[in-house]
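As stored in final_8.tsv (TSV, C-alpha atoms):
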chain	number	residue	atom	x	y	z
A	265	MET	CA	28.47	18.76	-41.43
A	266	SER	CA	24.74	18.06	-41.52
A	267	THR	CA	22.66	19.56	-44.31
A	268	LEU	CA	19.36	18.79	-42.58
A	269	LYS	CA	16.69	21.22	-43.76
A	270	PRO	CA	13.85	22.52	-41.57
A	271	ALA	CA	11.30	20.49	-43.51
A	272	SER	CA	13.25	17.28	-42.89
A	273	TRP	CA	13.65	18.12	-39.21
A	274	THR	CA	9.89	18.68	-38.88
A	275	TYR	CA	9.18	15.44	-40.76
A	276	ALA	CA	11.45	13.49	-38.42
A	277	GLU	CA	10.05	15.21	-35.32
A	278	GLU	CA	6.50	14.19	-36.24
A	279	PHE	CA	7.39	10.82	-37.80
A	280	VAL	CA	6.17	8.81	-34.81
A	281	ALA	CA	2.66	9.79	-33.73
A	282	GLU	CA	2.25	10.74	-30.10
A	283	PRO	CA	0.02	8.38	-28.09
A	284	GLU	CA	-3.33	9.94	-27.26
A	285	ALA	CA	-2.64	9.81	-23.51
A	286	ALA	CA	0.72	11.53	-23.96
A	287	ASP	CA	-0.89	14.22	-26.09
A	288	ALA	CA	-3.47	14.86	-23.37
A	289	ALA	CA	-0.69	15.07	-20.78
A	290	ARG	CA	1.19	17.46	-23.06
A	291	ARG	CA	-1.79	19.81	-23.27
A	292	ARG	CA	-2.17	19.69	-19.51
A	293	GLY	CA	1.53	20.46	-19.02
A	294	ILE	CA	1.39	23.41	-21.38
A	295	GLU	CA	-1.52	24.81	-19.38
A	296	PHE	CA	0.66	24.75	-16.26
A	297	GLY	CA	3.24	26.95	-17.99
A	298	SER	CA	5.95	25.64	-15.66
A	299	ALA	CA	5.89	22.05	-16.90
A	300	THR	CA	6.93	22.24	-20.56
A	301	PRO	CA	6.70	18.66	-21.85
A	302	VAL	CA	9.27	16.81	-23.92
A	303	GLY	CA	8.87	17.14	-27.66
A	304	THR	CA	7.27	14.33	-29.63
A	305	GLY	CA	10.57	13.39	-31.27
A	306	ALA	CA	12.35	13.27	-27.92
A	307	GLY	CA	9.52	11.22	-26.44
A	308	ALA	CA	9.72	8.69	-29.23
A	309	LEU	CA	13.48	8.41	-28.75
A	310	LEU	CA	13.08	7.93	-24.99
A	311	ARG	CA	10.65	5.09	-25.66
A	312	VAL	CA	13.18	3.44	-27.97
A	313	LEU	CA	15.97	3.87	-25.43
A	314	ALA	CA	13.85	2.31	-22.67
A	315	ALA	CA	13.00	-0.61	-24.93
A	316	SER	CA	16.58	-1.05	-26.12
A	317	VAL	CA	17.90	-1.72	-22.61
A	318	GLY	CA	14.80	-3.53	-21.38
A	319	ALA	CA	14.45	-0.86	-18.71
A	320	ARG	CA	12.61	-2.32	-15.70
A	321	HIS	CA	13.73	0.40	-13.31
A	322	VAL	CA	13.55	3.99	-14.57
A	323	MET	CA	14.13	7.22	-12.68
A	324	GLU	CA	12.68	10.50	-13.94
A	325	ILE	CA	13.63	13.84	-12.41
A	326	GLY	CA	10.84	16.25	-13.30
A	327	SER	CA	7.41	14.64	-13.77
A	328	GLY	CA	5.64	17.54	-15.44
A	329	ALA	CA	2.14	16.39	-16.28
A	330	GLY	CA	3.31	12.90	-17.24
A	331	THR	CA	4.11	13.21	-20.96
A	332	SER	CA	7.66	11.84	-20.78
A	333	GLY	CA	6.60	9.20	-18.27
A	334	ILE	CA	4.01	7.82	-20.68
A	335	TRP	CA	6.60	7.64	-23.46
A	336	LEU	CA	9.06	5.84	-21.14
A	337	LEU	CA	6.47	3.39	-19.86
A	338	GLY	CA	5.61	2.58	-23.47
A	339	GLY	CA	9.11	1.20	-23.96
A	340	MET	CA	9.39	-0.61	-20.63
A	341	PRO	CA	8.39	-4.24	-20.02
A	342	GLU	CA	5.06	-4.89	-18.32
A	343	ASP	CA	6.71	-5.34	-14.93
A	344	GLY	CA	8.80	-2.18	-15.28
A	345	VAL	CA	8.46	0.55	-12.64
A	346	LEU	CA	8.84	4.27	-13.25
A	347	THR	CA	9.95	6.37	-10.27
A	348	THR	CA	9.37	10.06	-10.90
A	349	ILE	CA	10.19	13.07	-8.71
A	350	ASP	CA	8.66	16.54	-8.88
A	351	ILE	CA	8.75	19.41	-6.41
A	352	ASP	CA	5.28	20.65	-7.38
A	353	PRO	CA	2.33	18.71	-5.87
A	354	GLU	CA	0.09	19.87	-8.73
A	355	HIS	CA	2.48	18.40	-11.27
A	356	ALA	CA	2.68	15.12	-9.33
A	357	SER	CA	-1.11	14.90	-9.18
A	358	ALA	CA	-1.42	15.60	-12.90
A	359	ALA	CA	1.20	12.96	-13.71
A	360	LYS	CA	-0.70	10.35	-11.67
A	361	ALA	CA	-3.91	11.24	-13.50
A	362	SER	CA	-2.14	10.97	-16.87
A	363	TYR	CA	-0.73	7.53	-16.06
A	364	ALA	CA	-4.18	6.33	-14.98
A	365	ALA	CA	-5.73	7.71	-18.17
A	366	ALA	CA	-3.10	5.83	-20.17
A	367	GLY	CA	-4.17	2.58	-18.52
A	368	VAL	CA	-0.94	2.18	-16.54
A	369	ALA	CA	-1.35	-0.08	-13.51
A	370	PRO	CA	-0.83	1.84	-10.23
A	371	GLN	CA	2.00	-0.44	-9.10
A	372	ARG	CA	4.04	0.51	-12.17
A	373	THR	CA	4.61	4.09	-11.06
A	374	ARG	CA	6.02	5.67	-7.94
A	375	VAL	CA	5.42	9.43	-7.85
A	376	ILE	CA	7.48	11.28	-5.24
A	377	THR	CA	6.71	14.88	-4.36
A	378	GLY	CA	9.79	16.68	-3.07
A	379	ARG	CA	13.10	18.29	-3.89
A	380	ALA	CA	15.11	15.97	-6.12
A	381	ALA	CA	18.38	17.05	-4.48
A	382	GLU	CA	17.00	15.73	-1.17
A	383	VAL	CA	15.33	12.60	-2.54
A	384	LEU	CA	18.10	11.31	-4.82
A	385	PRO	CA	20.73	10.70	-2.10
A	386	ARG	CA	18.36	8.10	-0.62
A	387	MET	CA	18.23	6.09	-3.85
A	388	SER	CA	20.41	2.99	-4.29
A	389	ASP	CA	23.60	2.97	-6.37
A	390	GLY	CA	23.43	1.12	-9.67
A	391	ALA	CA	19.74	0.33	-9.26
A	392	TYR	CA	18.37	1.97	-12.41
A	393	ASP	CA	18.42	1.06	-16.09
A	394	LEU	CA	17.58	4.57	-17.32
A	395	VAL	CA	17.54	8.03	-15.76
A	396	LEU	CA	15.86	11.03	-17.43
A	397	ILE	CA	16.55	14.57	-16.23
A	398	ASP	CA	14.03	17.25	-17.24
A	399	ALA	CA	13.70	19.71	-14.39
A	400	ASP	CA	15.32	22.92	-13.10
A	401	LYS	CA	18.14	23.65	-15.54
A	402	GLY	CA	20.37	25.29	-12.97
A	403	ALA	CA	20.37	22.09	-10.93
A	404	TYR	CA	21.23	19.77	-13.84
A	405	PRO	CA	24.88	19.34	-12.74
A	406	VAL	CA	23.76	18.18	-9.29
A	407	TYR	CA	21.16	15.83	-10.73
A	408	VAL	CA	23.65	14.37	-13.21
A	409	GLU	CA	26.10	13.31	-10.51
A	410	HIS	CA	23.35	11.44	-8.73
A	411	ALA	CA	22.08	9.98	-12.01
A	412	VAL	CA	25.46	8.53	-12.95
A	413	ARG	CA	25.71	6.97	-9.49
A	414	LEU	CA	22.22	5.49	-9.78
A	415	LEU	CA	22.78	3.91	-13.18
A	416	ARG	CA	23.95	0.34	-13.62
A	417	SER	CA	26.72	-0.38	-16.09
A	418	GLY	CA	25.08	-0.26	-19.51
A	419	GLY	CA	22.31	1.99	-18.22
A	420	VAL	CA	21.17	5.06	-20.14
A	421	LEU	CA	21.34	8.70	-19.06
A	422	ALA	CA	19.10	11.20	-20.87
A	423	LEU	CA	18.91	14.98	-20.43
A	424	ASP	CA	16.20	17.03	-22.14
A	425	ASN	CA	16.53	20.64	-23.36
A	426	MET	CA	20.26	20.37	-23.98
A	427	LEU	CA	20.05	22.72	-27.00
A	428	TRP	CA	17.84	25.10	-24.99
A	429	HIS	CA	15.81	26.89	-27.64
A	430	ASP	CA	18.76	27.03	-30.06
A	431	LYS	CA	20.76	29.11	-27.59
A	432	VAL	CA	23.39	26.54	-26.55
A	433	ALA	CA	24.89	26.59	-30.05
A	434	ASP	CA	25.01	30.40	-30.06
A	435	PRO	CA	28.22	31.61	-28.36
A	436	ALA	CA	26.63	35.04	-27.88
A	437	ALA	CA	23.93	33.53	-25.63
A	438	ARG	CA	25.28	33.75	-22.09
A	439	ASP	CA	22.24	33.68	-19.81
A	440	GLU	CA	22.56	31.42	-16.77
A	441	ALA	CA	20.52	28.45	-18.00
A	442	THR	CA	22.22	28.41	-21.39
A	443	THR	CA	25.68	28.62	-19.86
A	444	VAL	CA	24.97	25.82	-17.40
A	445	LEU	CA	23.67	23.50	-20.10
A	446	ARG	CA	26.44	24.34	-22.56
A	447	ASP	CA	29.19	23.76	-19.99
A	448	LEU	CA	27.52	20.60	-18.69
A	449	GLY	CA	27.23	19.13	-22.16
A	450	LYS	CA	30.95	19.61	-22.77
A	451	THR	CA	31.80	18.15	-19.37
A	452	LEU	CA	29.68	15.06	-19.96
A	453	ARG	CA	31.06	14.65	-23.48
A	454	ASP	CA	34.52	14.25	-21.94
A	455	ASP	CA	33.42	12.16	-18.94
A	456	GLU	CA	35.19	8.81	-19.16
A	457	ARG	CA	32.33	7.14	-17.31
A	458	LEU	CA	30.02	7.75	-20.26
A	459	ILE	CA	29.66	7.07	-23.98
A	460	SER	CA	27.58	10.00	-25.18
A	461	ALA	CA	25.85	11.82	-28.02
A	462	LEU	CA	23.85	15.04	-28.36
A	463	VAL	CA	20.83	14.38	-30.55
A	464	PRO	CA	19.18	17.37	-32.31
A	465	VAL	CA	15.64	16.17	-31.65
A	466	SER	CA	12.94	18.39	-30.09
A	467	ASP	CA	14.88	20.81	-27.83
A	468	GLY	CA	18.00	18.65	-27.83
A	469	LEU	CA	18.34	15.30	-26.06
A	470	PHE	CA	21.72	14.39	-24.59
A	471	VAL	CA	22.03	10.60	-24.27
A	472	ALA	CA	24.79	8.50	-22.79
A	473	VAL	CA	25.51	4.94	-21.75
A	474	ARG	CA	27.16	4.29	-18.39
A	475	ARG	CA	30.37	2.30	-18.87

Please express what this file holds, its structure, as structure tokens.
Amino acid sequence: MSTLKPASWTYAEEFVAEPEAADAARRRGIEFGSATPVGTGAGALLRVLAASVGARHVMEIGSGAGTSGIWLLGGMPEDGVLTTIDIDPEHASAAKASYAAAGVAPQRTRVITGRAAEVLPRMSDGAYDLVLIDADKGAYPVYVEHAVRLLRSGGVLALDNMLWHDKVADPAARDEATTVLRDLGKTLRDDERLISALVPVSDGLFVAVRR
């Protein structure tokens, strides 16, 4: 059992400095209130994951104001393309502005405004190196099934907020979002299509490799 102390967790969470553009996007996302950005520790891990698989084709479900996208792009090769989906036009516009402020070439991002459940079925099987899900928690199970289909063998699946404000680990917490995430985590843990881990970074990042 881990003996990680709060001070060590905080040290690890802040160990990698957030890029200035990602920090600006984070502040913009917080202002929205409905676009809570990934934590700095989770962002740093996403960048490493993108770099580790040489991710040229990345799908993000939930753009927010662009914080996670900037982290992902930082780990992708120069010809890599990030496709990101968000239902809120204001979020999509903010994400585009954040990518531009970060110096990302326009052709490296494809921002789609719409319902992910309607957009994802049109995406090609096995076409993506990494898929990040960070959107409506109740819809995570639907998004995951599409994500697994979209990933190539050896591709990476990542789900943010999988500890959900420390509530997933508390059996007494039974609100809808917590229950969905708790049950989904257990289901994915036992999914033979995936090799997975739940990483206690930021608000919990579930990561898996597609067999």

Legend entry - Top pick for closest residue to Asp398 (chain A), considering A:Gly307, A:Gly328, A:Gly418, A:Pro370 and counting only C-alpha atoms: A:Gly328

Inset, instruction - Rank nothing, just name the residue among A:Ala361, A:Ala391, A:Ala285, A:Ala308 nearest to Ala411 (chain A), using only C-alpha atoms. - result: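 Answer, going by the shortest atom-to-atom distance: A:Ala391.
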
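The space between CA of Arg379 (chain A) and CA of Ile294 (chain A) spans 21.7 Å.
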
Legend entry - Using only C-alpha atoms: which of A:Val465, A:Met340, A:Ala286, A:Ala359 has the shortest distance to Asp430 (chain A): A:Val465

Inset, instruction - Place a sphere of radius 7 Å on (17.0, 21.3, -24.3) in the file coordinates and name every protein, DNA or RNA residue with an atom inside or on its surface, counting all atoms listed in the file; give the answer as a list in words. - result: Asp424, Asn425, Met426, Leu427, Trp428, His429, Asp467, Gly468 and Leu469 of chain A

Legend entry - Nearest to Ala366 (chain A) by atom-to-atom distance, counting only C-alpha atoms, from A:Pro405, A:Gly333, A:Pro464, A:Gly449: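 Closest to Ala366 (chain A), using only C-alpha atoms: A:Gly333.
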
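Atom pair CA of Leu458 (chain A) / CA of Leu346 (chain A): separated by 22.6 Å.
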
Legend entry - Spatial sel., origin (4.6, 18.6, -9.1), limit 10 Å, all atoms listed in the file, listed as a PyMOL selection string: chain A and resi 298-299+326-329+348-359+375-379

Legend entry - Selected residue, from A:Arg290, A:His321, A:Arg386, A:Arg413, that lies nearest to Arg374 (chain A) when counting only C-alpha atoms: A:His321

Kindly provide, as lines of an AutoDock Vina configuration file, the centre and edge lengths (Å, one decimal) of an axis-aligned box around all atoms of region 454-461 of chain A given in the file, with 8 Å on each side.
center_x = 30.5
center_y = 10.7
center_z = -22.7
size_x = 25.3
size_y = 23.2
size_z = 26.7

Legend entry - Counting only C-alpha atoms, the option among A:Val420, A:Val432, A:Ile334, A:Ala306 closest to Val473 (chain A):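 Looking only at the distances to Val473 (chain A), the closest residue turns out to be A:Val420.
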
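The two atoms in question, CA of Glu440 (chain A) and CA of Gly297 (chain A), are spaced 19.9 Å apart.
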
Inset, instruction - Give me the residues within 8 Å of Val322 (chain A) as an MDAnalysis selection string, counting all atoms listed in the file and dropping any in the same chain fewer than 4 places off. - result: chainID A and resid 344:347 392:396

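Near Ala461 (chain A), within 7 Å and counting only C-alpha atoms, sit Phe470, Val471 and Ala472 of chain A; same-chain residues fewer than 4 positions away were not included.
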
Inset, instruction - Could you give me, as a PyMOL selection string, the residues within 9 Å of Thr304 (chain A), counting all atoms listed in the file and dropping anything in the same chain fewer than 4 positions from it? - result: chain A and resi 277-282+287+308-309+465-466

Reconstructed region 408-420 of chain A, atom set N, CA and C atoms, as a PDB file, in the coordinates of the input:
ATOM      1  N   VAL A 408      22.845  15.276 -12.383  1.00  0.00           N
ATOM      2  CA  VAL A 408      23.650  14.370 -13.210  1.00  0.00           C
ATOM      3  C   VAL A 408      24.561  13.506 -12.346  1.00  0.00           C
ATOM      4  N   GLU A 409      25.204  14.092 -11.355  1.00  0.00           N
ATOM      5  CA  GLU A 409      26.100  13.310 -10.510  1.00  0.00           C
ATOM      6  C   GLU A 409      25.351  12.203  -9.797  1.00  0.00           C
ATOM      7  N   HIS A 410      24.158  12.489  -9.336  1.00  0.00           N
ATOM      8  CA  HIS A 410      23.350  11.440  -8.730  1.00  0.00           C
ATOM      9  C   HIS A 410      22.937  10.407  -9.771  1.00  0.00           C
ATOM     10  N   ALA A 411      22.549  10.883 -10.961  1.00  0.00           N
ATOM     11  CA  ALA A 411      22.080   9.980 -12.010  1.00  0.00           C
ATOM     12  C   ALA A 411      23.152   8.969 -12.403  1.00  0.00           C
ATOM     13  N   VAL A 412      24.374   9.430 -12.572  1.00  0.00           N
ATOM     14  CA  VAL A 412      25.460   8.530 -12.950  1.00  0.00           C
ATOM     15  C   VAL A 412      25.681   7.482 -11.858  1.00  0.00           C
ATOM     16  N   ARG A 413      25.573   7.895 -10.620  1.00  0.00           N
ATOM     17  CA  ARG A 413      25.710   6.970  -9.490  1.00  0.00           C
ATOM     18  C   ARG A 413      24.589   5.938  -9.477  1.00  0.00           C
ATOM     19  N   LEU A 414      23.388   6.369  -9.826  1.00  0.00           N
ATOM     20  CA  LEU A 414      22.220   5.490  -9.780  1.00  0.00           C
ATOM     21  C   LEU A 414      22.182   4.472 -10.904  1.00  0.00           C
ATOM     22  N   LEU A 415      22.845   4.777 -12.012  1.00  0.00           N
ATOM     23  CA  LEU A 415      22.780   3.910 -13.180  1.00  0.00           C
ATOM     24  C   LEU A 415      23.664   2.672 -13.037  1.00  0.00           C
ATOM     25  N   ARG A 416      23.137   1.552 -13.497  1.00  0.00           N
ATOM     26  CA  ARG A 416      23.950   0.340 -13.620  1.00  0.00           C
ATOM     27  C   ARG A 416      24.873   0.481 -14.816  1.00  0.00           C
ATOM     28  N   SER A 417      25.882  -0.346 -14.895  1.00  0.00           N
ATOM     29  CA  SER A 417      26.720  -0.380 -16.090  1.00  0.00           C
ATOM     30  C   SER A 417      25.857  -0.777 -17.280  1.00  0.00           C
ATOM     31  N   GLY A 418      25.936  -0.014 -18.355  1.00  0.00           N
ATOM     32  CA  GLY A 418      25.080  -0.260 -19.510  1.00  0.00           C
ATOM     33  C   GLY A 418      23.773   0.483 -19.466  1.00  0.00           C
ATOM     34  N   GLY A 419      23.526   1.193 -18.343  1.00  0.00           N
ATOM     35  CA  GLY A 419      22.310   1.990 -18.220  1.00  0.00           C
ATOM     36  C   GLY A 419      22.402   3.274 -19.017  1.00  0.00           C
ATOM     37  N   VAL A 420      21.254   3.888 -19.272  1.00  0.00           N
ATOM     38  CA  VAL A 420      21.170   5.060 -20.140  1.00  0.00           C
ATOM     39  C   VAL A 420      20.843   6.320 -19.337  1.00  0.00           C
TER      40      VAL A 420
END
